[in-house]
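The file input_22.txt contains compact mmCIF, C-alpha atoms and all ligand atoms:
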# COMPACT_ATOMS: atom_id res chain seq x y z
CA MET A 532 14.75 21.58 15.38
CA GLU A 533 13.83 17.99 14.72
CA THR A 534 14.60 16.72 11.26
CA ASN A 535 12.92 13.94 9.32
CA GLU A 536 15.96 11.76 9.99
CA SER A 537 14.84 11.08 13.50
CA LYS A 538 11.38 10.03 12.33
CA ARG A 539 10.43 6.54 11.31
CA ILE A 540 7.81 5.72 8.71
CA LEU A 541 6.25 2.31 8.36
CA SER A 542 4.03 0.93 5.65
CA MET A 543 3.05 -2.50 4.42
CA TYR A 544 1.30 -3.71 1.31
CA GLN A 545 -1.10 -6.50 0.55
CA CYS A 546 0.39 -8.65 -2.16
CA THR A 547 -2.55 -10.74 -3.36
CA GLY A 548 -2.31 -9.58 -6.97
CA THR A 549 -0.36 -7.29 -9.24
CA PHE A 550 -0.31 -3.67 -8.09
CA THR A 551 -2.67 -1.37 -9.93
CA LEU A 552 -2.08 2.12 -11.26
CA GLY A 553 -4.16 3.20 -8.25
CA ASN A 554 -1.72 1.58 -5.79
CA TYR A 555 1.15 3.10 -7.73
CA LEU A 556 -0.09 6.70 -7.94
CA GLY A 557 -2.00 6.69 -4.68
CA ALA A 558 0.63 5.19 -2.42
CA LEU A 559 3.75 3.45 -3.71
CA ARG A 560 5.22 6.35 -5.64
CA ASN A 561 4.87 8.68 -2.68
CA HIS A 562 6.32 6.17 -0.27
CA ILE A 563 9.42 5.80 -2.43
CA LYS A 564 9.83 9.59 -2.37
CA LEU A 565 9.70 9.63 1.43
CA GLN A 566 13.07 7.85 1.39
CA GLN A 567 14.59 10.89 -0.27
CA GLU A 568 13.03 13.21 2.27
CA GLY A 569 15.30 11.70 4.86
CA TYR A 570 12.84 9.60 6.83
CA GLN A 571 13.89 6.25 8.13
CA CYS A 572 11.54 3.97 6.20
CA VAL A 573 10.45 0.44 7.04
CA TYR A 574 8.37 -1.24 4.33
CA ALA A 575 7.05 -4.77 4.01
CA LEU A 576 4.70 -7.08 2.19
CA ALA A 577 1.81 -8.14 4.42
CA ASP A 578 1.54 -11.78 3.36
CA LEU A 579 0.19 -12.89 6.76
CA HIS A 580 -2.70 -10.46 6.38
CA ALA A 581 -3.38 -11.99 2.97
CA LEU A 582 -4.22 -15.31 4.65
CA THR A 583 -7.37 -13.84 6.17
CA VAL A 584 -8.93 -14.49 2.76
CA ARG A 585 -8.45 -17.89 1.12
CA GLN A 586 -5.53 -17.72 -1.34
CA VAL A 587 -4.17 -20.08 -3.96
CA PRO A 588 -0.79 -20.95 -2.33
CA ALA A 589 1.34 -20.89 -5.48
CA GLU A 590 -0.21 -17.59 -6.50
CA LEU A 591 0.30 -15.90 -3.17
CA ARG A 592 3.98 -16.90 -3.27
CA LYS A 593 4.32 -15.68 -6.85
CA TYR A 594 2.57 -12.37 -6.20
CA THR A 595 4.66 -11.79 -3.08
CA LYS A 596 7.92 -12.20 -5.00
CA GLU A 597 6.63 -10.09 -7.87
CA ALA A 598 5.52 -7.32 -5.54
CA TYR A 599 8.95 -7.39 -3.93
CA ALA A 600 10.59 -7.09 -7.34
CA TRP A 601 8.24 -4.26 -8.38
CA LEU A 602 9.12 -2.17 -5.34
CA LEU A 603 12.82 -2.77 -5.93
CA ALA A 604 12.31 -1.68 -9.53
CA MET A 605 10.61 1.48 -8.29
CA GLY A 606 13.73 2.35 -6.37
CA ILE A 607 13.51 1.10 -2.82
CA ASP A 608 17.00 1.66 -1.53
CA LEU A 609 17.99 -1.32 0.59
CA GLU A 610 20.95 0.58 2.03
CA LYS A 611 18.59 3.06 3.66
CA THR A 612 15.24 1.33 3.88
CA VAL A 613 14.41 -1.97 5.51
CA PHE A 614 12.12 -3.87 3.13
CA PHE A 615 11.00 -7.38 4.05
CA ILE A 616 8.31 -10.02 3.85
CA GLN A 617 6.17 -10.02 7.00
CA SER A 618 6.03 -13.81 7.48
CA GLN A 619 9.84 -14.00 7.48
CA VAL A 620 10.00 -11.90 10.64
CA PRO A 621 8.37 -14.03 13.36
CA GLU A 622 8.14 -11.13 15.84
CA HIS A 623 5.03 -9.94 13.99
CA SER A 624 3.04 -13.04 14.89
CA GLN A 625 4.48 -13.09 18.39
CA LEU A 626 3.55 -9.52 19.25
CA ALA A 627 0.18 -9.88 17.49
CA TRP A 628 -0.78 -12.66 19.90
CA ILE A 629 0.09 -10.55 22.90
CA LEU A 630 -1.79 -7.55 21.52
CA ASN A 631 -4.84 -9.76 20.92
CA CYS A 632 -5.01 -10.08 24.69
CA TYR A 633 -5.05 -6.29 25.09
CA THR A 634 -7.75 -5.57 22.55
CA GLN A 635 -11.44 -5.81 23.26
CA PHE A 636 -13.99 -7.86 21.34
CA GLY A 637 -16.16 -4.75 21.17
CA GLU A 638 -13.59 -2.55 19.52
CA LEU A 639 -12.67 -5.21 16.95
CA SER A 640 -16.37 -5.69 16.17
CA ARG A 641 -16.70 -2.03 15.27
CA MET A 642 -14.00 -2.04 12.56
CA THR A 643 -15.57 -1.20 9.23
CA GLN A 644 -13.15 -3.38 7.26
CA PHE A 645 -14.17 -6.39 9.36
CA LYS A 646 -17.83 -5.67 8.73
CA ASP A 647 -17.28 -5.21 4.98
CA LYS A 648 -15.07 -8.26 4.58
CA SER A 649 -17.36 -10.52 6.60
CA ALA A 650 -20.25 -9.49 4.40
CA LYS A 651 -18.16 -10.21 1.30
CA HIS A 652 -16.75 -13.55 2.50
CA ALA A 653 -19.70 -14.82 4.52
CA ASP A 654 -18.47 -18.41 4.19
CA ASN A 655 -15.11 -17.68 5.80
CA ILE A 656 -15.43 -15.22 8.67
CA ASN A 657 -12.32 -16.50 10.44
CA GLY A 658 -10.55 -15.39 13.60
CA GLY A 659 -7.75 -13.81 11.57
CA LEU A 660 -10.17 -11.52 9.80
CA PHE A 661 -11.44 -10.41 13.19
CA THR A 662 -8.03 -9.84 14.80
CA TYR A 663 -6.45 -8.40 11.64
CA PRO A 664 -6.10 -4.99 13.36
CA CYS A 665 -3.97 -6.55 16.15
CA LEU A 666 -1.51 -7.96 13.63
CA MET A 667 -1.42 -4.60 11.90
CA ALA A 668 -0.86 -2.87 15.24
CA ALA A 669 2.03 -5.28 15.87
CA ASP A 670 3.48 -4.40 12.43
CA ILE A 671 3.48 -0.74 13.34
CA LEU A 672 4.39 -0.84 17.03
CA LEU A 673 7.31 -3.28 16.69
CA TYR A 674 9.23 -0.64 14.76
CA GLN A 675 8.26 2.27 17.03
CA ALA A 676 6.95 4.03 13.92
CA ASP A 677 6.13 7.74 14.16
CA PHE A 678 4.11 7.90 10.96
CA VAL A 679 2.06 5.46 8.95
CA PRO A 680 1.13 6.70 5.48
CA VAL A 681 -2.30 5.28 4.72
CA GLY A 682 -5.32 5.95 2.59
CA ALA A 683 -8.70 6.72 4.11
CA ASP A 684 -9.68 3.02 4.20
CA GLN A 685 -6.84 2.12 6.59
CA LYS A 686 -7.06 5.13 8.89
CA GLN A 687 -9.28 3.32 11.37
CA HIS A 688 -6.65 0.60 11.69
CA VAL A 689 -3.97 3.13 12.57
CA GLU A 690 -6.33 4.62 15.12
CA ILE A 691 -6.88 1.30 16.84
CA ALA A 692 -3.09 0.76 16.84
CA ARG A 693 -2.81 4.09 18.67
CA ASP A 694 -5.46 3.03 21.17
CA ILE A 695 -3.69 -0.27 21.80
CA ALA A 696 -0.33 1.50 22.23
CA GLU A 697 -1.75 4.08 24.62
CA ARG A 698 -3.53 1.45 26.68
CA PHE A 699 -0.41 -0.69 26.94
CA ASN A 700 1.76 2.31 27.83
CA GLY A 701 -0.83 3.29 30.44
CA ILE A 702 -0.60 -0.08 32.17
CA TYR A 703 3.12 -0.83 31.84
CA GLY A 704 4.78 2.54 31.32
CA ASP A 705 6.27 3.86 28.06
CA THR A 706 6.77 0.95 25.71
CA PHE A 707 5.44 1.93 22.30
CA THR A 708 5.70 5.08 20.21
CA VAL A 709 2.12 6.17 19.52
CA PRO A 710 1.94 6.31 15.70
CA GLU A 711 0.21 8.97 13.65
CA PRO A 712 -1.53 8.41 10.35
CA MET A 713 0.16 10.36 7.58
CA ILE A 714 -2.32 11.39 4.93
CA PRO A 715 -0.38 11.85 1.70
CA GLN A 716 -0.28 15.33 0.20
CA HIS A 717 -0.02 14.32 -3.41
CA GLY A 718 -1.66 10.91 -3.32
CA ALA A 719 -4.04 10.65 -6.23
CA ARG A 720 -7.21 8.70 -5.61
CA VAL A 721 -7.56 6.69 -8.78
CA MET A 722 -11.01 5.36 -9.61
CA SER A 723 -12.08 2.45 -11.82
CA LEU A 724 -12.02 3.36 -15.52
CA GLN A 725 -15.33 1.56 -15.95
CA ASN A 726 -17.06 2.75 -12.81
CA PRO A 727 -15.51 6.04 -11.75
CA LEU A 728 -17.55 6.08 -8.55
CA SER A 729 -15.59 3.17 -7.08
CA LYS A 730 -11.88 2.94 -6.34
CA MET A 731 -9.62 1.20 -8.86
CA SER A 732 -9.04 -2.27 -7.44
CA LYS A 733 -7.22 -5.42 -8.50
CA SER A 734 -10.30 -7.43 -7.57
CA ASP A 735 -12.55 -5.42 -9.91
CA GLU A 736 -14.66 -7.90 -11.85
CA ASN A 737 -14.34 -5.81 -14.97
CA GLN A 738 -10.64 -5.99 -15.88
CA ASN A 739 -11.06 -3.02 -18.20
CA GLY A 740 -11.64 -0.93 -15.10
CA ASN A 741 -8.17 -1.33 -13.70
CA ILE A 742 -4.70 -0.83 -15.08
CA SER A 743 -2.08 -3.20 -13.72
CA VAL A 744 1.40 -1.75 -13.40
CA LEU A 745 2.58 -4.63 -15.57
CA ASP A 746 0.10 -4.07 -18.41
CA ASP A 747 1.78 -3.68 -21.79
CA PRO A 748 1.39 -0.45 -23.81
CA ASP A 749 -1.33 -1.86 -26.12
CA THR A 750 -3.43 -2.98 -23.18
CA ILE A 751 -3.05 0.36 -21.42
CA LEU A 752 -4.06 2.23 -24.55
CA ARG A 753 -7.06 -0.02 -25.12
CA LYS A 754 -8.28 0.33 -21.54
CA PHE A 755 -8.00 4.11 -21.58
CA LYS A 756 -9.79 4.32 -24.92
CA ARG A 757 -12.68 2.37 -23.41
CA ALA A 758 -12.79 4.42 -20.21
CA LYS A 759 -16.28 5.64 -19.28
CA THR A 760 -16.71 9.36 -19.80
CA ASP A 761 -19.82 11.41 -20.61
CA SER A 762 -21.62 12.94 -23.55
CA ASP A 763 -20.35 16.46 -22.90
CA SER A 764 -17.06 15.78 -24.73
CA GLN A 765 -15.24 18.68 -23.08
CA VAL A 766 -12.10 18.06 -21.06
CA ARG A 767 -12.89 19.97 -17.89
CA PHE A 768 -13.06 19.14 -14.21
CA ALA A 769 -16.63 19.37 -12.97
CA GLU A 770 -19.24 17.68 -10.85
CA GLY A 771 -21.06 14.90 -12.67
CA LYS A 772 -18.06 14.27 -14.93
CA GLU A 773 -16.49 11.64 -12.67
CA GLY A 774 -15.00 9.66 -15.55
CA VAL A 775 -13.24 12.68 -17.01
CA ASN A 776 -12.27 13.95 -13.56
CA ASN A 777 -10.58 10.61 -12.91
CA LEU A 778 -8.67 10.73 -16.20
CA MET A 779 -7.62 14.30 -15.45
CA GLY A 780 -6.46 13.21 -12.00
CA ILE A 781 -4.32 10.45 -13.51
CA TYR A 782 -2.90 12.77 -16.17
CA ALA A 783 -2.14 15.43 -13.56
CA ALA A 784 -0.45 12.93 -11.23
CA VAL A 785 1.75 11.58 -14.01
CA THR A 786 2.65 14.81 -15.81
CA GLY A 787 2.62 17.23 -12.88
CA LYS A 788 0.29 19.55 -14.82
CA SER A 789 -2.50 21.43 -13.06
CA TYR A 790 -6.18 21.06 -14.00
CA PRO A 791 -6.37 24.49 -15.70
CA GLU A 792 -3.28 23.60 -17.73
CA ILE A 793 -4.86 20.34 -18.80
CA GLU A 794 -8.13 22.06 -19.73
CA ARG A 795 -6.20 24.52 -21.90
CA GLU A 796 -4.12 21.78 -23.51
CA PHE A 797 -7.25 19.92 -24.66
CA GLU A 798 -9.52 22.84 -25.38
CA GLY A 799 -11.72 22.02 -28.35
CA LYS A 800 -10.08 18.61 -28.76
CA GLY A 801 -12.53 16.19 -27.19
CA TYR A 802 -11.99 12.80 -25.61
CA GLY A 803 -10.74 11.21 -28.81
CA GLU A 804 -7.45 13.01 -28.28
CA PHE A 805 -7.48 13.21 -24.52
CA LYS A 806 -7.78 9.49 -23.76
CA PRO A 807 -4.76 8.37 -25.82
CA ALA A 808 -2.74 11.24 -24.35
CA VAL A 809 -3.46 10.00 -20.84
CA ALA A 810 -2.58 6.45 -21.92
CA GLU A 811 0.69 7.62 -23.48
CA ALA A 812 1.69 9.49 -20.31
CA VAL A 813 0.97 6.42 -18.18
CA ILE A 814 2.86 4.13 -20.58
CA GLU A 815 5.93 6.38 -20.43
CA GLU A 816 5.74 6.65 -16.65
CA LEU A 817 5.68 2.87 -16.23
CA ARG A 818 8.08 1.92 -19.02
CA PRO A 819 11.43 2.33 -17.21
CA ILE A 820 10.10 0.63 -14.06
CA GLN A 821 8.72 -2.27 -16.09
CA GLU A 822 12.13 -2.66 -17.74
CA ARG A 823 13.96 -2.80 -14.42
CA TYR A 824 11.25 -5.10 -13.07
CA ARG A 825 11.82 -7.59 -15.87
CA GLN A 826 15.55 -7.68 -15.16
CA ILE A 827 14.96 -8.23 -11.46
CA VAL A 828 12.39 -11.03 -11.77
CA ALA A 829 14.62 -12.75 -14.29
CA ASP A 830 17.38 -12.89 -11.66
CA LYS A 831 15.74 -15.10 -9.05
CA ALA A 832 18.95 -15.52 -7.05
CA TYR A 833 19.35 -11.77 -6.65
CA LEU A 834 15.72 -11.29 -5.65
CA GLU A 835 15.91 -14.04 -3.08
CA GLN A 836 19.16 -12.71 -1.70
CA CYS A 837 17.54 -9.30 -1.17
CA TYR A 838 14.57 -10.49 0.87
CA ARG A 839 16.60 -13.05 2.80
CA GLU A 840 19.09 -10.39 3.87
CA GLN A 841 16.41 -7.92 4.84
CA ALA A 842 14.43 -10.17 7.21
CA PRO A 843 17.13 -10.35 9.93
CA LYS A 844 17.57 -6.57 9.73
CA ALA A 845 13.89 -6.09 10.42
CA SER A 846 13.99 -8.78 13.07
CA ALA A 847 16.80 -7.02 14.93
CA ILE A 848 14.67 -3.88 15.31
CA ALA A 849 11.47 -5.78 16.08
CA ARG A 850 13.15 -8.02 18.65
CA ARG A 851 14.08 -5.05 20.86
CA THR A 852 10.43 -4.04 21.18
CA LEU A 853 9.18 -7.59 21.57
CA SER A 854 11.67 -8.33 24.38
CA LYS A 855 10.55 -5.23 26.26
CA VAL A 856 6.93 -6.27 25.92
CA MET A 857 7.56 -9.88 26.96
CA LYS A 858 9.36 -8.71 30.08
CA LYS A 859 6.62 -6.27 30.99
CA VAL A 860 3.76 -8.71 30.69
CA GLY A 861 5.56 -11.40 32.68
CA LEU A 862 6.89 -13.85 30.09
CA VAL A 863 10.20 -15.58 30.75
CA LEU A 864 12.91 -14.28 28.43
N1 LIG A 901 -3.91 -3.40 5.98
C1 LIG A 901 -3.09 -2.75 5.02
C2 LIG A 901 -3.83 -2.72 3.67
O1 LIG A 901 -4.68 -3.54 3.44
C3 LIG A 901 -1.78 -3.42 4.85
C4 LIG A 901 -1.00 -3.37 6.12
C5 LIG A 901 -0.67 -4.42 6.93
C6 LIG A 901 -0.41 -2.20 6.68
N2 LIG A 901 0.08 -3.98 7.96
C7 LIG A 901 0.26 -2.64 7.86
C8 LIG A 901 -0.40 -0.84 6.30
C9 LIG A 901 0.94 -1.73 8.67
C10 LIG A 901 0.27 0.06 7.11
C11 LIG A 901 0.93 -0.38 8.28
O2 LIG A 901 -3.50 -1.92 2.84
So that I can check it, write out the structure of this file as structure tokens.
Amino acid sequence: METNESKRILSMYQCTGTFTLGNYLGALRNHIKLQQEGYQCVYALADLHALTVRQVPAELRKYTKEAYAWLLAMGIDLEKTVFFIQSQVPEHSQLAWILNCYTQFGELSRMTQFKDKSAKHADNINGGLFTYPCLMAADILLYQADFVPVGADQKQHVEIARDIAERFNGIYGDTFTVPEPMIPQHGARVMSLQNPLSKMSKSDENQNGNISVLDDPDTILRKFKRAKTDSDSQVRFAEGKEGVNNLMGIYAAVTGKSYPEIEREFEGKGYGEFKPAVAEAVIEELRPIQERYRQIVADKAYLEQCYREQAPKASAIARRTLSKVMKKVGLVL
């Protein structure tokens, strides 16, 4: 029987701001657990992808380092997991160029993220935004990843990576592992606290809608107290109670309690007690990670040493795939 050990998981994260509680509960926390399930994990910060939208240089650099420190604080184990910064591993850009030449204008034009982002940034519809999926395919295919844990919004990108891999393998013979999207079993979908119909996002205009993983306890409490609910005042999971459903989802994800358990716990108590309880649970969940995070960011030399040592490890894996590809397409090695 095949074990997880023989399977490789790859994921990367945009680092254009501080992670939100949504990133944490929806993805990061589960990805850290996958390390303990024996998979071979490759994780990275997608700073090259960040350039498809205009960034303030000093901020991008700062957020990248902070995101690196946050994931270390969460328990990425550098003995087992390769964890690097995308731009420090040049094979990503190199393979991305080649894959650009094996991807059709038509298929890139159909990507929903491209359509959404070009509508949002109409003044900067650059080539990178268009070929973003080729860079992402390079990220995945370089490491011969079996699984890519992604949320619904990135599934189409994993699918195009599969198409690119299959096409290339069809022309040149087996070169790439064809990756599968891995839809998380316990990934909570956390919505904005102010508009529970839209996903919690760091770019939310209303900062009360999102919780940053670095928010202090007072801020977290205040934001939860202001969370939009409804006039029913009963803590129960039901259609039309999206605000309360969202709070219940967060509370369930953090405490491990089921919805019926939560409904019983707050029976007859109303939102005045429920909201601070959710806040308290979140504060306690984040507290130890925030403490480790502060130690790590304070030790710049250690942080830098970590990402500098990881890049060549990633590069060694990526280089094997890139060399194969270069040979197959006729480049001189
Ligand atoms: N596009 C992903 C996002 O916005 C980030 C990403 C870049 C990624 N490369 C990847 C995710 C490779 C998974 C695999 O969230």
Residues of chain A that approach ligand LIG 901 (chain A) to 8 Å or less, counting all atoms listed in the file: could you list each one with the shortest pair of atoms and its distance in Å to one decimal, rows by chain and increasing residue number, as a tab-separated table?
residue	atom	partner	partner_atom	distance
A:Leu541	CA	A:LIG901	C11	6.0
A:Ser542	CA	A:LIG901	C10	4.1
A:Met543	CA	A:LIG901	C6	4.1
A:Tyr544	CA	A:LIG901	C3	4.7
A:Gln545	CA	A:LIG901	C3	5.3
A:Leu576	CA	A:LIG901	C5	7.6
A:Ala577	CA	A:LIG901	C5	5.1
A:His580	CA	A:LIG901	C5	6.4
A:Tyr663	CA	A:LIG901	N1	8.0
A:Pro664	CA	A:LIG901	N1	7.9
A:Leu666	CA	A:LIG901	N2	7.1
A:Met667	CA	A:LIG901	N2	4.3
A:Ala668	CA	A:LIG901	C9	6.9
A:Asp670	CA	A:LIG901	C9	5.3
A:Ile671	CA	A:LIG901	C9	5.4
A:Val679	CA	A:LIG901	C10	6.0
A:Pro680	CA	A:LIG901	C10	6.9
A:Val681	CA	A:LIG901	C10	6.3
A:Gln685	CA	A:LIG901	N1	6.3
A:His688	CA	A:LIG901	N1	7.5
A:Val689	CA	A:LIG901	C11	7.4
>> When you count all atoms listed in the file, which of these residues is closest to Ala692 of chain A: A:Val709, A:Val809, A:Cys572, A:Ile793?
In response: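 Between A:Val709, A:Val809, A:Cys572, A:Ile793, the residue approaching Ala692 of chain A most closely is A:Val709.
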>> Could you list, as a VMD selection string, every residue within 7 Å of Gly569 of chain A, counting only C-alpha atoms and ignoring same-chain residues fewer than 4 positions away?
In response: chain A and resid 535 to 536 565
>> as number ranges by chain, please: the residues near Ser537 of chain A (cut-off 12 Å, all atoms listed in the file, same-chain neighbours under 6 positions excluded).
In response: A: 568-572, 675-678
> When distances are computed from all atoms listed in the file, which of A:Tyr802, A:Phe615, A:Tyr599, A:Tyr782 shows the smallest separation from Ala842 of chain A?
Replying inline: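 Smallest separation from Ala842 of chain A among the options: A:Phe615.
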> Counting all atoms listed in the file, which of A:Ala575, A:Ala558, A:Tyr703, A:Ala600 gets nearest to Asp830 of chain A?
Replying inline: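 Using all atoms listed in the file, Asp830 of chain A sits closest to A:Ala600.
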Reconstruct segment 678-706 of chain A at the level of N, CA and C atoms, and format the result as a PDB file, in the frame of the given file.
ATOM      1  N   PHE A 678       5.141   7.624  11.958  1.00  0.00           N
ATOM      2  CA  PHE A 678       4.110   7.900  10.960  1.00  0.00           C
ATOM      3  C   PHE A 678       3.776   6.665  10.141  1.00  0.00           C
ATOM      4  N   VAL A 679       2.500   6.536   9.813  1.00  0.00           N
ATOM      5  CA  VAL A 679       2.060   5.460   8.950  1.00  0.00           C
ATOM      6  C   VAL A 679       1.260   6.080   7.803  1.00  0.00           C
ATOM      7  N   PRO A 680       1.856   6.125   6.599  1.00  0.00           N
ATOM      8  CA  PRO A 680       1.130   6.700   5.480  1.00  0.00           C
ATOM      9  C   PRO A 680       0.035   5.747   5.013  1.00  0.00           C
ATOM     10  N   VAL A 681      -1.193   6.156   5.117  1.00  0.00           N
ATOM     11  CA  VAL A 681      -2.300   5.280   4.720  1.00  0.00           C
ATOM     12  C   VAL A 681      -3.392   6.071   4.013  1.00  0.00           C
ATOM     13  N   GLY A 682      -4.146   5.365   3.213  1.00  0.00           N
ATOM     14  CA  GLY A 682      -5.320   5.950   2.590  1.00  0.00           C
ATOM     15  C   GLY A 682      -6.469   5.946   3.607  1.00  0.00           C
ATOM     16  N   ALA A 683      -7.556   6.574   3.217  1.00  0.00           N
ATOM     17  CA  ALA A 683      -8.700   6.720   4.110  1.00  0.00           C
ATOM     18  C   ALA A 683      -9.187   5.363   4.641  1.00  0.00           C
ATOM     19  N   ASP A 684      -9.118   4.313   3.797  1.00  0.00           N
ATOM     20  CA  ASP A 684      -9.680   3.020   4.200  1.00  0.00           C
ATOM     21  C   ASP A 684      -8.893   2.339   5.318  1.00  0.00           C
ATOM     22  N   GLN A 685      -7.641   2.755   5.536  1.00  0.00           N
ATOM     23  CA  GLN A 685      -6.840   2.120   6.590  1.00  0.00           C
ATOM     24  C   GLN A 685      -6.655   3.000   7.822  1.00  0.00           C
ATOM     25  N   LYS A 686      -7.267   4.178   7.788  1.00  0.00           N
ATOM     26  CA  LYS A 686      -7.060   5.130   8.890  1.00  0.00           C
ATOM     27  C   LYS A 686      -7.578   4.562  10.213  1.00  0.00           C
ATOM     28  N   GLN A 687      -8.697   3.891  10.146  1.00  0.00           N
ATOM     29  CA  GLN A 687      -9.280   3.320  11.370  1.00  0.00           C
ATOM     30  C   GLN A 687      -8.337   2.286  12.001  1.00  0.00           C
ATOM     31  N   HIS A 688      -7.601   1.577  11.164  1.00  0.00           N
ATOM     32  CA  HIS A 688      -6.650   0.600  11.690  1.00  0.00           C
ATOM     33  C   HIS A 688      -5.467   1.277  12.395  1.00  0.00           C
ATOM     34  N   VAL A 689      -5.053   2.417  11.885  1.00  0.00           N
ATOM     35  CA  VAL A 689      -3.970   3.130  12.570  1.00  0.00           C
ATOM     36  C   VAL A 689      -4.503   3.695  13.895  1.00  0.00           C
ATOM     37  N   GLU A 690      -5.747   4.107  13.871  1.00  0.00           N
ATOM     38  CA  GLU A 690      -6.330   4.620  15.120  1.00  0.00           C
ATOM     39  C   GLU A 690      -6.418   3.544  16.202  1.00  0.00           C
ATOM     40  N   ILE A 691      -6.797   2.354  15.820  1.00  0.00           N
ATOM     41  CA  ILE A 691      -6.880   1.300  16.840  1.00  0.00           C
ATOM     42  C   ILE A 691      -5.457   0.931  17.315  1.00  0.00           C
ATOM     43  N   ALA A 692      -4.488   1.012  16.426  1.00  0.00           N
ATOM     44  CA  ALA A 692      -3.090   0.760  16.840  1.00  0.00           C
ATOM     45  C   ALA A 692      -2.671   1.804  17.882  1.00  0.00           C
ATOM     46  N   ARG A 693      -3.095   3.033  17.670  1.00  0.00           N
ATOM     47  CA  ARG A 693      -2.810   4.090  18.670  1.00  0.00           C
ATOM     48  C   ARG A 693      -3.476   3.767  19.999  1.00  0.00           C
ATOM     49  N   ASP A 694      -4.737   3.354  19.936  1.00  0.00           N
ATOM     50  CA  ASP A 694      -5.460   3.030  21.170  1.00  0.00           C
ATOM     51  C   ASP A 694      -4.763   1.898  21.921  1.00  0.00           C
ATOM     52  N   ILE A 695      -4.353   0.878  21.169  1.00  0.00           N
ATOM     53  CA  ILE A 695      -3.690  -0.270  21.800  1.00  0.00           C
ATOM     54  C   ILE A 695      -2.368   0.188  22.446  1.00  0.00           C
ATOM     55  N   ALA A 696      -1.627   1.007  21.711  1.00  0.00           N
ATOM     56  CA  ALA A 696      -0.330   1.500  22.230  1.00  0.00           C
ATOM     57  C   ALA A 696      -0.545   2.325  23.504  1.00  0.00           C
ATOM     58  N   GLU A 697      -1.515   3.210  23.455  1.00  0.00           N
ATOM     59  CA  GLU A 697      -1.750   4.080  24.620  1.00  0.00           C
ATOM     60  C   GLU A 697      -2.192   3.264  25.832  1.00  0.00           C
ATOM     61  N   ARG A 698      -3.038   2.285  25.586  1.00  0.00           N
ATOM     62  CA  ARG A 698      -3.530   1.450  26.680  1.00  0.00           C
ATOM     63  C   ARG A 698      -2.357   0.689  27.306  1.00  0.00           C
ATOM     64  N   PHE A 699      -1.540   0.098  26.447  1.00  0.00           N
ATOM     65  CA  PHE A 699      -0.410  -0.690  26.940  1.00  0.00           C
ATOM     66  C   PHE A 699       0.558   0.207  27.725  1.00  0.00           C
ATOM     67  N   ASN A 700       0.868   1.364  27.151  1.00  0.00           N
ATOM     68  CA  ASN A 700       1.760   2.310  27.830  1.00  0.00           C
ATOM     69  C   ASN A 700       1.174   2.729  29.179  1.00  0.00           C
ATOM     70  N   GLY A 701      -0.149   2.876  29.205  1.00  0.00           N
ATOM     71  CA  GLY A 701      -0.830   3.290  30.440  1.00  0.00           C
ATOM     72  C   GLY A 701      -0.663   2.238  31.539  1.00  0.00           C
ATOM     73  N   ILE A 702      -0.711   0.977  31.160  1.00  0.00           N
ATOM     74  CA  ILE A 702      -0.600  -0.080  32.170  1.00  0.00           C
ATOM     75  C   ILE A 702       0.857  -0.313  32.579  1.00  0.00           C
ATOM     76  N   TYR A 703       1.756  -0.369  31.575  1.00  0.00           N
ATOM     77  CA  TYR A 703       3.120  -0.830  31.840  1.00  0.00           C
ATOM     78  C   TYR A 703       4.186   0.269  31.758  1.00  0.00           C
ATOM     79  N   GLY A 704       3.789   1.478  31.516  1.00  0.00           N
ATOM     80  CA  GLY A 704       4.780   2.540  31.320  1.00  0.00           C
ATOM     81  C   GLY A 704       5.211   2.562  29.855  1.00  0.00           C
ATOM     82  N   ASP A 705       5.895   3.644  29.467  1.00  0.00           N
ATOM     83  CA  ASP A 705       6.270   3.860  28.060  1.00  0.00           C
ATOM     84  C   ASP A 705       6.921   2.648  27.416  1.00  0.00           C
ATOM     85  N   THR A 706       6.250   2.121  26.415  1.00  0.00           N
ATOM     86  CA  THR A 706       6.770   0.950  25.710  1.00  0.00           C
ATOM     87  C   THR A 706       6.759   1.203  24.209  1.00  0.00           C
TER      88      THR A 706
END
